[in-house]
$ cat upload.csv   # CSV, C-alpha atoms and all ligand atoms
chain,number,residue,atom,x,y,z
A,14,MET,CA,182.3,131.5,147.9
A,15,ASP,CA,185.5,130.2,149.5
A,16,ARG,CA,184.5,130.2,153.2
A,17,VAL,CA,182.1,127.8,154.8
A,18,VAL,CA,179.4,128.5,157.4
A,19,ASN,CA,177.9,126.4,160.1
A,20,VAL,CA,174.2,125.8,159.5
A,21,ALA,CA,171.3,124.5,161.5
A,22,ILE,CA,167.9,123.4,160.0
A,23,VAL,CA,165.2,123.7,162.6
A,24,GLY,CA,162.3,121.4,161.6
A,25,ALA,CA,164.6,119.3,159.3
A,26,THR,CA,162.2,116.4,159.4
A,27,GLY,CA,159.3,118.4,158.0
A,28,LEU,CA,158.4,119.1,154.4
A,29,VAL,CA,160.1,122.5,154.2
A,30,GLY,CA,163.1,121.5,156.4
A,31,GLU,CA,163.8,118.5,154.3
A,32,ALA,CA,163.6,120.6,151.1
A,33,ILE,CA,166.0,123.1,152.6
A,34,LEU,CA,168.5,120.2,153.3
A,35,ASN,CA,168.2,119.1,149.7
A,36,PHE,CA,168.7,122.6,148.3
A,37,ILE,CA,171.8,123.1,150.5
A,38,ALA,CA,173.2,120.0,148.9
A,39,SER,CA,172.1,120.6,145.3
A,40,ARG,CA,173.1,124.3,145.2
A,41,ALA,CA,176.5,123.7,146.8
A,42,PHE,CA,175.7,126.0,149.7
A,43,PRO,CA,179.0,126.6,151.5
A,44,VAL,CA,178.2,124.5,154.6
A,45,GLY,CA,180.7,123.5,157.2
A,46,GLU,CA,179.0,121.8,160.2
A,47,LEU,CA,175.3,121.0,159.6
A,48,HIS,CA,172.9,120.5,162.5
A,49,LEU,CA,169.5,118.9,162.0
A,50,LEU,CA,167.0,119.8,164.7
A,51,ALA,CA,163.4,118.8,165.4
A,52,SER,CA,161.2,117.7,168.4
A,53,GLU,CA,161.7,114.8,170.7
A,54,ARG,CA,159.4,112.8,168.3
A,55,SER,CA,162.2,112.6,165.6
A,56,ALA,CA,165.3,112.8,167.8
A,57,GLY,CA,167.8,110.1,166.9
A,58,ASN,CA,166.4,109.6,163.3
A,59,SER,CA,169.0,109.7,160.6
A,60,MET,CA,168.8,111.9,157.5
A,61,GLU,CA,171.0,111.8,154.3
A,62,PHE,CA,173.1,114.8,153.3
A,63,SER,CA,175.4,114.3,150.3
A,64,ASP,CA,177.1,111.0,151.2
A,65,ARG,CA,176.7,111.4,155.0
A,66,HIS,CA,174.1,110.3,157.5
A,67,LEU,CA,173.3,112.9,160.1
A,68,LYS,CA,171.4,112.3,163.3
A,69,VAL,CA,168.4,114.6,164.2
A,70,ARG,CA,168.8,116.3,167.5
A,71,VAL,CA,166.3,118.0,169.9
A,72,LEU,CA,165.9,121.7,169.4
A,73,ARG,CA,165.2,122.4,173.0
A,74,ASP,CA,168.7,121.1,174.1
A,75,PHE,CA,170.6,122.8,171.3
A,76,ASP,CA,173.2,125.6,171.7
A,77,PHE,CA,173.2,127.9,168.7
A,78,SER,CA,176.4,129.8,169.6
A,79,ALA,CA,178.6,128.0,167.1
A,80,VAL,CA,176.0,128.3,164.3
A,81,ASP,CA,176.2,131.1,161.6
A,82,VAL,CA,172.9,130.5,159.7
A,83,ALA,CA,169.8,128.9,161.2
A,84,PHE,CA,166.9,128.1,158.9
A,85,PHE,CA,163.6,127.8,160.9
A,86,ALA,CA,161.0,125.6,159.2
A,87,VAL,CA,158.7,124.9,162.2
A,88,ASP,CA,155.3,126.3,163.1
A,89,ALA,CA,155.0,129.9,164.2
A,90,ASP,CA,154.7,129.1,167.9
A,91,VAL,CA,158.0,127.1,167.9
A,92,SER,CA,159.7,129.9,165.9
A,93,LEU,CA,158.4,132.5,168.3
A,94,GLU,CA,160.0,130.7,171.2
A,95,PHE,CA,163.3,129.6,169.7
A,96,ALA,CA,164.2,131.9,166.9
A,97,PRO,CA,165.0,134.8,169.2
A,98,ILE,CA,167.3,132.5,171.3
A,99,ALA,CA,169.2,131.6,168.1
A,100,ALA,CA,169.4,135.2,166.9
A,101,ASP,CA,170.6,136.3,170.4
A,102,ALA,CA,173.3,133.6,170.2
A,103,GLY,CA,174.7,135.4,167.2
A,104,CYS,CA,173.5,133.5,164.2
A,105,LEU,CA,171.4,134.8,161.3
A,106,VAL,CA,167.9,133.3,161.5
A,107,ILE,CA,165.9,132.8,158.3
A,108,ASP,CA,162.4,132.0,159.3
A,109,CYS,CA,159.7,130.4,157.0
A,110,SER,CA,156.9,130.7,159.5
A,111,SER,CA,154.4,133.6,159.9
A,112,ALA,CA,155.9,134.4,163.4
A,113,PHE,CA,157.9,137.5,162.5
A,114,ARG,CA,156.7,138.4,159.0
A,115,LEU,CA,155.0,141.6,160.0
A,116,GLU,CA,157.5,142.8,162.7
A,117,PRO,CA,158.8,146.2,161.5
A,118,ASP,CA,162.4,145.3,162.4
A,119,VAL,CA,162.5,142.0,160.6
A,120,PRO,CA,163.0,142.2,156.8
A,121,LEU,CA,160.4,140.2,154.8
A,122,VAL,CA,162.1,139.1,151.6
A,123,VAL,CA,161.4,137.6,148.2
A,124,PRO,CA,164.9,137.6,146.5
A,125,GLU,CA,163.5,138.4,143.0
A,126,VAL,CA,161.6,141.4,144.4
A,127,ASN,CA,163.4,143.1,147.4
A,128,PRO,CA,166.8,141.6,147.8
A,129,GLU,CA,168.1,145.0,149.1
A,130,SER,CA,166.0,144.5,152.3
A,131,ILE,CA,168.4,141.8,153.4
A,132,ALA,CA,170.8,144.6,154.3
A,133,ASP,CA,168.6,145.3,157.4
A,134,TYR,CA,168.9,141.8,158.8
A,135,GLY,CA,171.0,143.1,161.7
A,136,MET,CA,168.2,144.8,163.6
A,137,ARG,CA,167.1,141.4,165.0
A,138,ASN,CA,169.5,139.0,163.3
A,139,MET,CA,166.5,137.7,161.5
A,140,ILE,CA,164.9,137.6,158.1
A,141,SER,CA,161.4,136.3,157.3
A,142,CYS,CA,160.1,134.7,154.2
A,143,PRO,CA,156.5,135.4,153.2
A,144,GLY,CA,153.9,132.7,152.8
A,145,SER,CA,153.9,130.7,149.6
A,146,GLN,CA,151.0,132.6,148.0
A,147,VAL,CA,152.7,135.9,148.5
A,148,ILE,CA,156.0,134.6,147.2
A,149,GLN,CA,154.4,133.5,143.9
A,150,VAL,CA,152.1,136.5,143.6
A,151,LEU,CA,154.9,139.0,144.1
A,152,THR,CA,157.3,137.2,141.8
A,153,ALA,CA,154.8,137.7,139.1
A,154,LEU,CA,153.4,141.1,140.0
A,155,ALA,CA,156.5,143.0,141.1
A,156,PRO,CA,157.6,143.6,137.4
A,157,ILE,CA,154.1,144.9,136.6
A,158,HIS,CA,154.1,147.1,139.7
A,159,ASN,CA,157.6,148.5,138.8
A,160,GLU,CA,156.4,149.3,135.3
A,161,VAL,CA,152.9,150.7,135.7
A,162,GLY,CA,152.0,150.6,139.4
A,163,LEU,CA,149.4,148.3,141.1
A,164,ASP,CA,146.2,149.7,142.6
A,165,ARG,CA,144.3,146.6,143.7
A,166,VAL,CA,144.7,142.9,143.4
A,167,SER,CA,141.7,140.5,143.7
A,168,LEU,CA,142.7,136.9,144.1
A,169,SER,CA,141.6,133.4,145.0
A,170,THR,CA,144.1,130.7,146.1
A,171,TYR,CA,144.0,127.0,145.4
A,172,GLN,CA,146.2,125.7,148.2
A,173,PRO,CA,147.4,122.1,148.5
A,174,VAL,CA,147.1,120.0,151.6
A,175,SER,CA,150.9,120.1,152.1
A,176,GLY,CA,150.4,123.8,152.9
A,177,VAL,CA,149.7,122.7,156.5
A,178,GLY,CA,152.7,120.3,156.6
A,179,LYS,CA,153.1,116.5,156.7
A,180,GLN,CA,149.8,116.1,158.6
A,181,GLY,CA,147.9,117.6,155.7
A,182,VAL,CA,149.4,115.1,153.2
A,183,GLU,CA,148.5,112.2,155.5
A,184,ALA,CA,145.0,113.5,156.0
A,185,LEU,CA,144.2,113.7,152.2
A,186,ALA,CA,145.8,110.3,151.6
A,187,LYS,CA,143.8,108.7,154.4
A,188,GLN,CA,140.5,110.4,153.5
A,189,THR,CA,140.8,109.4,149.9
A,190,ALA,CA,141.5,105.8,150.7
A,191,ASN,CA,138.7,105.6,153.2
A,192,LEU,CA,136.1,107.2,150.8
A,193,LEU,CA,137.1,104.9,147.9
A,194,ASN,CA,136.5,102.0,150.2
A,195,ALA,CA,133.1,103.3,151.4
A,196,ARG,CA,134.4,103.9,154.9
A,197,GLU,CA,133.7,106.9,157.3
A,198,ILE,CA,136.2,109.7,157.3
A,199,ASP,CA,137.6,111.9,160.0
A,200,PRO,CA,138.3,115.5,158.8
A,201,GLN,CA,141.6,115.4,160.8
A,202,CYS,CA,143.5,118.7,160.5
A,203,PHE,CA,140.9,120.2,158.1
A,204,THR,CA,137.6,121.6,159.2
A,205,LYS,CA,135.6,119.6,156.7
A,206,GLN,CA,136.2,116.7,154.3
A,207,ILE,CA,139.0,117.7,151.9
A,208,ALA,CA,139.2,114.6,149.7
A,209,PHE,CA,137.0,115.2,146.6
A,210,ASN,CA,136.1,118.6,148.0
A,211,VAL,CA,137.3,122.2,148.3
A,212,ILE,CA,137.3,124.3,151.5
A,213,PRO,CA,136.9,128.1,151.1
A,214,LYS,CA,137.9,129.0,154.7
A,215,MET,CA,141.4,128.5,156.2
A,216,GLY,CA,141.5,129.3,159.9
A,217,ASP,CA,139.4,131.6,161.9
A,218,VAL,CA,137.3,134.4,160.4
A,219,LEU,CA,138.1,137.9,161.8
A,220,GLU,CA,135.6,140.6,162.6
A,221,ASN,CA,135.8,142.0,159.0
A,222,GLY,CA,134.7,138.6,157.5
A,223,TYR,CA,138.2,137.7,156.1
A,224,THR,CA,140.4,135.0,157.6
A,225,LEU,CA,143.8,135.7,159.1
A,226,GLU,CA,145.4,133.8,156.1
A,227,GLU,CA,143.6,136.2,153.7
A,228,MET,CA,144.5,139.4,155.6
A,229,ARG,CA,148.1,138.2,155.9
A,230,ILE,CA,148.3,138.1,152.1
A,231,GLN,CA,147.5,141.9,151.9
A,232,TRP,CA,149.8,142.8,154.8
A,233,GLU,CA,152.7,140.8,153.5
A,234,ILE,CA,152.4,142.1,149.9
A,235,GLN,CA,152.2,145.7,151.3
A,236,LYS,CA,155.3,145.1,153.4
A,237,VAL,CA,157.5,143.6,150.7
A,238,LEU,CA,156.4,146.3,148.2
A,239,GLN,CA,156.7,149.0,150.9
A,240,ASP,CA,153.4,150.4,149.6
A,241,ASP,CA,150.4,150.4,151.8
A,242,ALA,CA,148.2,151.8,149.0
A,243,VAL,CA,148.1,148.5,147.2
A,244,SER,CA,144.9,146.8,148.4
A,245,VAL,CA,144.4,143.0,148.1
A,246,ASP,CA,141.1,141.1,148.3
A,247,ALA,CA,142.0,137.5,148.9
A,248,THR,CA,139.9,134.3,149.2
A,249,CYS,CA,142.0,131.3,150.4
A,250,VAL,CA,140.8,127.9,149.4
A,251,THR,CA,142.2,124.5,150.2
A,252,VAL,CA,141.9,122.0,147.4
A,253,PRO,CA,142.6,118.2,147.3
A,254,VAL,CA,146.0,118.5,145.7
A,255,PHE,CA,149.1,117.2,147.5
A,256,PHE,CA,151.8,119.5,146.2
A,257,GLY,CA,151.7,122.7,144.1
A,258,THR,CA,149.8,125.8,144.9
A,259,SER,CA,147.9,128.1,142.5
A,260,VAL,CA,146.5,131.6,142.4
A,261,SER,CA,143.9,133.1,140.1
A,262,LEU,CA,144.3,136.9,140.2
A,263,CYS,CA,143.2,140.1,138.6
A,264,ALA,CA,145.5,143.1,139.1
A,265,GLU,CA,144.2,146.6,138.6
A,266,THR,CA,147.0,148.9,137.5
A,267,LYS,CA,147.6,152.7,137.7
A,268,ALA,CA,148.3,152.9,133.9
A,269,TYR,CA,147.2,150.6,131.0
A,270,ILE,CA,149.3,147.6,130.2
A,271,SER,CA,148.3,145.2,127.4
A,272,ALA,CA,148.4,141.4,127.7
A,273,ASP,CA,151.3,141.4,125.1
A,274,GLU,CA,153.3,144.0,127.1
A,275,THR,CA,152.7,141.9,130.3
A,276,LYS,CA,154.0,138.8,128.5
A,277,SER,CA,157.2,140.6,127.3
A,278,LEU,CA,157.8,142.0,130.8
A,279,LEU,CA,157.3,138.6,132.5
A,280,ALA,CA,159.4,136.8,129.9
A,281,GLN,CA,162.4,138.8,131.1
A,282,ALA,CA,161.7,138.6,134.8
A,283,GLU,CA,163.7,136.4,137.2
A,284,GLY,CA,162.2,133.3,138.7
A,285,ILE,CA,159.3,133.0,136.2
A,286,ASP,CA,158.4,130.3,133.7
A,287,LEU,CA,156.0,131.9,131.2
A,288,LEU,CA,153.6,129.7,129.2
A,289,ASN,CA,152.7,131.9,126.3
A,290,ASP,CA,149.1,130.8,125.8
A,291,SER,CA,149.9,130.1,122.1
A,292,GLY,CA,148.7,126.5,122.1
A,293,GLU,CA,146.0,124.4,123.6
A,294,SER,CA,148.2,122.9,126.4
A,295,ASP,CA,150.0,126.1,127.2
A,296,PHE,CA,148.8,126.6,130.7
A,297,ALA,CA,150.3,125.5,134.0
A,298,THR,CA,148.8,123.2,136.6
A,299,PRO,CA,150.1,122.8,140.1
A,300,VAL,CA,150.7,119.0,139.7
A,301,THR,CA,151.8,118.6,136.1
A,302,GLU,CA,154.0,121.7,135.7
A,303,ALA,CA,154.8,123.2,139.1
A,304,ALA,CA,155.4,120.4,141.6
A,305,GLY,CA,159.1,119.5,141.8
A,306,GLN,CA,160.2,122.7,139.9
A,307,ASP,CA,161.7,126.0,141.1
A,308,ALA,CA,159.9,128.6,139.0
A,309,VAL,CA,156.7,130.5,139.4
A,310,PHE,CA,154.6,129.3,136.4
A,311,VAL,CA,152.6,132.1,134.8
A,312,SER,CA,149.9,131.5,132.2
A,313,ARG,CA,146.3,132.6,131.1
A,314,ILE,CA,147.4,136.2,130.7
A,315,ARG,CA,144.3,138.3,129.8
A,316,GLU,CA,143.2,141.9,129.7
A,317,ASP,CA,140.0,143.0,131.5
A,318,LEU,CA,137.0,142.8,129.2
A,319,GLY,CA,135.4,145.9,130.7
A,320,GLU,CA,136.6,149.5,131.3
A,321,ARG,CA,139.1,148.7,134.0
A,322,GLN,CA,142.9,148.8,133.5
A,323,ALA,CA,143.4,145.3,134.7
A,324,ILE,CA,145.4,142.1,133.9
A,325,SER,CA,144.3,138.6,134.9
A,326,LEU,CA,146.8,135.8,135.5
A,327,TRP,CA,147.0,132.2,136.6
A,328,LEU,CA,150.0,131.2,138.7
A,329,SER,CA,151.2,127.8,139.8
A,330,THR,CA,154.2,127.1,142.1
A,331,ASP,CA,155.7,124.4,144.2
A,332,ASN,CA,154.7,125.6,147.7
A,333,ILE,CA,157.5,123.7,149.4
A,334,ARG,CA,160.3,124.7,147.1
A,335,LYS,CA,160.0,128.3,145.8
A,336,GLY,CA,157.0,128.8,148.2
A,337,ALA,CA,159.3,128.3,151.2
A,338,ALA,CA,162.6,126.3,151.1
A,339,LEU,CA,164.2,127.7,148.0
A,340,ASN,CA,163.2,131.3,148.9
A,341,ALA,CA,164.9,130.8,152.3
A,342,VAL,CA,168.1,129.4,150.8
A,343,GLN,CA,168.3,132.2,148.1
A,344,VAL,CA,168.0,134.7,151.0
A,345,ALA,CA,170.9,133.0,152.8
A,346,GLU,CA,173.0,133.0,149.6
A,347,ILE,CA,172.5,136.7,149.1
A,348,ALA,CA,173.1,137.5,152.8
A,349,LEU,CA,176.4,135.6,152.7
A,350,LYS,CA,177.6,137.1,149.4
A,351,ASN,CA,176.8,140.7,150.1
A,352,TYR,CA,176.3,141.3,153.8
A,353,ILE,CA,177.9,138.9,156.2
A,401,LIG,N1,154.2,123.7,153.7
A,401,LIG,C1,154.2,124.8,153.0
A,401,LIG,O1,153.7,124.9,151.9
A,401,LIG,C2,154.7,126.1,153.6
A,401,LIG,C3,155.1,126.1,154.9
A,401,LIG,N2,155.6,127.3,155.4
A,401,LIG,C4,155.9,127.4,156.9
A,401,LIG,O2,157.1,126.5,157.1
A,401,LIG,C5,157.0,126.0,158.4
A,401,LIG,C6,157.2,124.5,158.3
A,401,LIG,O3,156.2,123.9,157.6
A,401,LIG,P1,156.2,122.4,157.1
A,401,LIG,O4,157.5,121.9,156.8
A,401,LIG,O5,155.1,122.3,156.0
A,401,LIG,O6,155.6,121.6,158.4
A,401,LIG,P2,155.7,120.1,158.8
A,401,LIG,O7,154.6,119.8,159.7
A,401,LIG,O8,155.9,119.2,157.6
A,401,LIG,O9,157.1,120.0,159.6
A,401,LIG,C7,157.2,120.6,160.9
A,401,LIG,C8,158.6,120.4,161.5
A,401,LIG,O10,158.6,121.1,162.7
A,401,LIG,C9,159.1,120.2,163.7
A,401,LIG,N3,158.6,120.5,165.0
A,401,LIG,C10,157.3,120.5,165.4
A,401,LIG,N4,157.2,120.8,166.7
A,401,LIG,C11,158.5,121.0,167.1
A,401,LIG,C12,159.1,121.4,168.4
A,401,LIG,N5,158.3,121.6,169.5
A,401,LIG,N6,160.4,121.6,168.5
A,401,LIG,C13,161.2,121.3,167.4
A,401,LIG,N7,160.7,121.0,166.2
A,401,LIG,C14,159.4,120.8,166.1
A,401,LIG,C15,158.7,118.8,163.2
A,401,LIG,O11,159.6,117.8,163.8
A,401,LIG,P3,159.1,116.4,164.2
A,401,LIG,O12,159.5,115.5,163.1
A,401,LIG,O13,159.9,116.1,165.4
A,401,LIG,O14,157.6,116.4,164.5
A,401,LIG,C16,159.0,119.0,161.7
A,401,LIG,O15,160.3,118.8,161.4
A,401,LIG,C17,155.7,126.4,159.0
A,401,LIG,O16,155.8,127.6,159.8
A,401,LIG,C18,154.9,126.8,157.8
A,401,LIG,O17,153.9,127.7,158.0
A,401,LIG,C19,155.7,128.4,154.7
A,401,LIG,C20,155.4,128.4,153.4
A,401,LIG,C21,154.8,127.2,152.7
A,402,LIG,N1,149.9,128.1,154.6
A,402,LIG,C1,151.0,129.0,154.3
A,402,LIG,C2,152.1,128.7,155.2
A,402,LIG,C3,152.0,129.6,156.4
A,402,LIG,O1,152.5,130.7,156.4
A,402,LIG,O2,151.3,129.1,157.4
A,402,LIG,P1,151.0,129.9,158.8
A,402,LIG,O3,150.3,131.1,158.3
A,402,LIG,O4,150.1,129.0,159.5
A,402,LIG,O5,152.3,130.1,159.4
A,402,LIG,C4,151.5,128.9,152.9
A,402,LIG,O6,151.2,128.0,152.2
A,402,LIG,O7,152.2,129.8,152.5
$ encode --input "upload.csv" --output "structure tokens"
Amino acid sequence: MDRVVNVAIVGATGLVGEAILNFIASRAFPVGELHLLASERSAGNSMEFSDRHLKVRVLRDFDFSAVDVAFFAVDADVSLEFAPIAADAGCLVIDCSSAFRLEPDVPLVVPEVNPESIADYGMRNMISCPGSQVIQVLTALAPIHNEVGLDRVSLSTYQPVSGVGKQGVEALAKQTANLLNAREIDPQCFTKQIAFNVIPKMGDVLENGYTLEEMRIQWEIQKVLQDDAVSVDATCVTVPVFFGTSVSLCAETKAYISADETKSLLAQAEGIDLLNDSGESDFATPVTEAAGQDAVFVSRIREDLGERQAISLWLSTDNIRKGAALNAVQVAEIALKNYI
């Protein structure tokens, strides 16, 4: 790429925003001017980019008219207010939050799965990235869906505290230290104690008994695959892990596919690191394998023991990198190369 583009990172001081900044540097993204934006809390702070120090500025006061690409890595309510302002000013918004994921005129993209959807960015000047669970599930399941068709996916997530941002990391660190010192804890941003515990309910429960986080997994998977017939039964669980998210899933398929065929298929698929189950230590964990890496790690591939045509998998991925920041930067790279 010869030309350069002016870039803004909204939420640059957060976990995802800082990872976007690092990917822009490490992947030699063709950046001209770079604007780092956050709330009044971080305004004036300095962040490193290559050999430069850049000052963080306040989002509310920023004029997007000279920006070409704006990465939004803020909570959904902040994206809802400011992403349309940026898009209307003429820049391409790539949003990591849940704010626009299900809007029919905003493409929802995992580059390994539906890069062609990026072509539709112009309807709102926006592209959304799915949540980190959906990114890893689809990176692993899209090759199987393309080969034999998916009917139904049952899954449980093992989500780290960093899934709710910096405050989740602080909460687990503080609770752990307090408990080890026999002190009282405050659940902070989690509904119950998360240190040395697991919490099988993220957010409010809807009338159907599922949480919004669980329903979003079905809706986002159906939107990316453009197939409302794929049903998803999800249970979302927060675990006392700082970074790295995992999913245990069983995918029922329209036609039989063996475990060996699944392994061959996934060995050739983009974005996957396949651990072949050939040895004792050949499985991935969120902390030991996935954290700090860019691939979706797939292991524990098994065929259903009963009569169902179904394949079970264990996935682990860095939620901040491929689960958000890398996905967003990949989307921008494809948009610049092919469409803008
Ligand atoms: N963490 C994860 O695993 C994943 C996160 N996402 C999504 O990415 C987004 C960012 O998440 P994450 O980085 O984890 O969150 P963090 O809490 O770590 O960071 C939030 C960022 O938003 C900024 N911010 C907060 N309020 C405002 C405001 N009013 N105006 C401007 N900036 C504001 C904060 O700035 P300040 O320093 O000033 O407070 C900070 O830079 C969320 O929508 C999240 O759902 C998606 C997939 C995975
Ligand atoms: N918790 C989600 C991130 C997300 O999408 O959050 P929210 O639904 O609150 O915007 C994830 O790890 O993928």
$ residues_near_ligand --input "upload.csv" --ligand "ligand LIG 401 (chain A)" --cutoff "7 Å" --atoms "only C-alpha atoms and all ligand atoms" --output "ChimeraX atom specification"
/A:23-30,50-56,71-73,86-89,91,109-111,144-145,175-180,332-333,336-337
$ atom_distance --input "upload.csv" --atom1 "CA of Asp331 (chain A)" --atom2 "CA of Leu185 (chain A)"
17.6 Å
$ atom_distance --input "upload.csv" --atom1 "CA of Arg16 (chain A)" --atom2 "CA of Gly45 (chain A)"
8.7 Å
$ closest_residue --input "upload.csv" --among "A:Asp108, A:Glu46, A:Asp164, A:Glu283" --to "ligand LIG 402 (chain A)" --atoms "all atoms listed in the file"
A:Asp108
$ closest_residue --input "upload.csv" --among "A:Asp295, A:Val18, A:Phe85, A:Leu262" --to "Ile33 (chain A)" --atoms "all atoms listed in the file"
A:Phe85
$ closest_residue --input "upload.csv" --among "A:Ala297, A:Val174, A:Leu105, A:Ala247" --to "Ile207 (chain A)" --atoms "only C-alpha atoms"
A:Val174
$ closest_residue --input "upload.csv" --among "A:Leu326, A:Val20, A:Val342, A:Ile285" --to "Phe36 (chain A)" --atoms "only C-alpha atoms"
A:Val342
$ closest_residue --input "upload.csv" --among "A:Asp76, A:Glu265, A:Glu226, A:Glu274" --to "ligand LIG 402 (chain A)" --atoms "all atoms listed in the file"
A:Glu226
$ closest_residue --input "upload.csv" --among "A:Asp217, A:Asp307, A:Asp317, A:Asp246" --to "ligand LIG 402 (chain A)" --atoms "only C-alpha atoms and all ligand atoms"
A:Asp217
$ residues_near_point --input "upload.csv" --point "(144.5, 139.2, 158.1)" --cutoff "12 Å" --atoms "all atoms listed in the file" --output "MDAnalysis selection string"
chainID A and resid 111 115 215:234 245:249
$ residues_around --input "upload.csv" --residues "Ser271 (chain A)" --least-positions-apart "6" --cutoff "9 Å" --atoms "all atoms listed in the file" --output "PyMOL selection string"
chain A and resi 315-316+322-324
$ atom_distance --input "upload.csv" --atom1 "CA of Gly284 (chain A)" --atom2 "CA of Ala308 (chain A)"
5.2 Å
$ residues_near_point --input "upload.csv" --point "(167.9, 145.8, 163.6)" --cutoff "10 Å" --atoms "all atoms listed in the file" --output "short mmCIF file (atom, residue, chain, number, x, y, z; two decimals) with C-alpha atoms, in the coordinates of the input"
data_model
loop_
_atom_site.label_atom_id
_atom_site.label_comp_id
_atom_site.auth_asym_id
_atom_site.auth_seq_id
_atom_site.Cartn_x
_atom_site.Cartn_y
_atom_site.Cartn_z
CA PRO A 117 158.80 146.20 161.50
CA ASP A 118 162.40 145.30 162.40
CA VAL A 119 162.50 142.00 160.60
CA PRO A 120 163.00 142.20 156.80
CA ALA A 132 170.80 144.60 154.30
CA ASP A 133 168.60 145.30 157.40
CA TYR A 134 168.90 141.80 158.80
CA GLY A 135 171.00 143.10 161.70
CA MET A 136 168.20 144.80 163.60
CA ARG A 137 167.10 141.40 165.00
CA ASN A 138 169.50 139.00 163.30
CA MET A 139 166.50 137.70 161.50
#
$ residues_around --input "upload.csv" --residues "Leu288 (chain A)" --least-positions-apart "4" --cutoff "9 Å" --atoms "all atoms listed in the file" --output "PyMOL selection string"
chain A and resi 295-297+310-313
$ build_atoms --input "upload.csv" --residues "region 164-168 of chain A" --atoms "all heavy atoms" --output "CSV table (one decimal), in the coordinates of the input"
chain,number,residue,atom,x,y,z
A,164,ASP,N,147.2,149.1,141.7
A,164,ASP,CA,146.2,149.7,142.6
A,164,ASP,C,145.6,148.7,143.5
A,164,ASP,O,145.5,148.9,144.7
A,164,ASP,CB,145.1,150.2,141.7
A,164,ASP,CG,145.1,151.8,141.7
A,164,ASP,OD1,145.7,152.4,142.5
A,164,ASP,OD2,144.4,152.3,140.8
A,165,ARG,N,145.1,147.6,143.0
A,165,ARG,CA,144.3,146.6,143.7
A,165,ARG,C,144.5,145.3,143.1
A,165,ARG,O,144.5,145.1,141.9
A,165,ARG,CB,142.9,147.1,143.6
A,165,ARG,CG,141.9,146.2,144.3
A,165,ARG,CD,140.5,146.8,144.1
A,165,ARG,NE,139.5,145.8,144.4
A,165,ARG,CZ,139.2,145.5,145.7
A,165,ARG,NH1,139.7,146.2,146.7
A,165,ARG,NH2,138.3,144.6,146.0
A,166,VAL,N,144.5,144.2,143.9
A,166,VAL,CA,144.7,142.9,143.4
A,166,VAL,C,143.5,142.1,144.0
A,166,VAL,O,143.4,142.1,145.3
A,166,VAL,CB,146.0,142.2,143.8
A,166,VAL,CG1,146.1,140.8,143.2
A,166,VAL,CG2,147.2,143.1,143.3
A,167,SER,N,142.7,141.4,143.2
A,167,SER,CA,141.7,140.5,143.7
A,167,SER,C,142.2,139.1,143.3
A,167,SER,O,142.5,138.8,142.2
A,167,SER,CB,140.4,140.7,143.0
A,167,SER,OG,140.0,142.0,143.1
A,168,LEU,N,142.2,138.2,144.3
A,168,LEU,CA,142.7,136.9,144.1
A,168,LEU,C,142.0,135.8,144.8
A,168,LEU,O,141.4,136.0,145.9
A,168,LEU,CB,144.2,136.8,144.3
A,168,LEU,CG,144.7,137.1,145.8
A,168,LEU,CD1,144.8,135.7,146.5
A,168,LEU,CD2,146.1,137.7,145.7
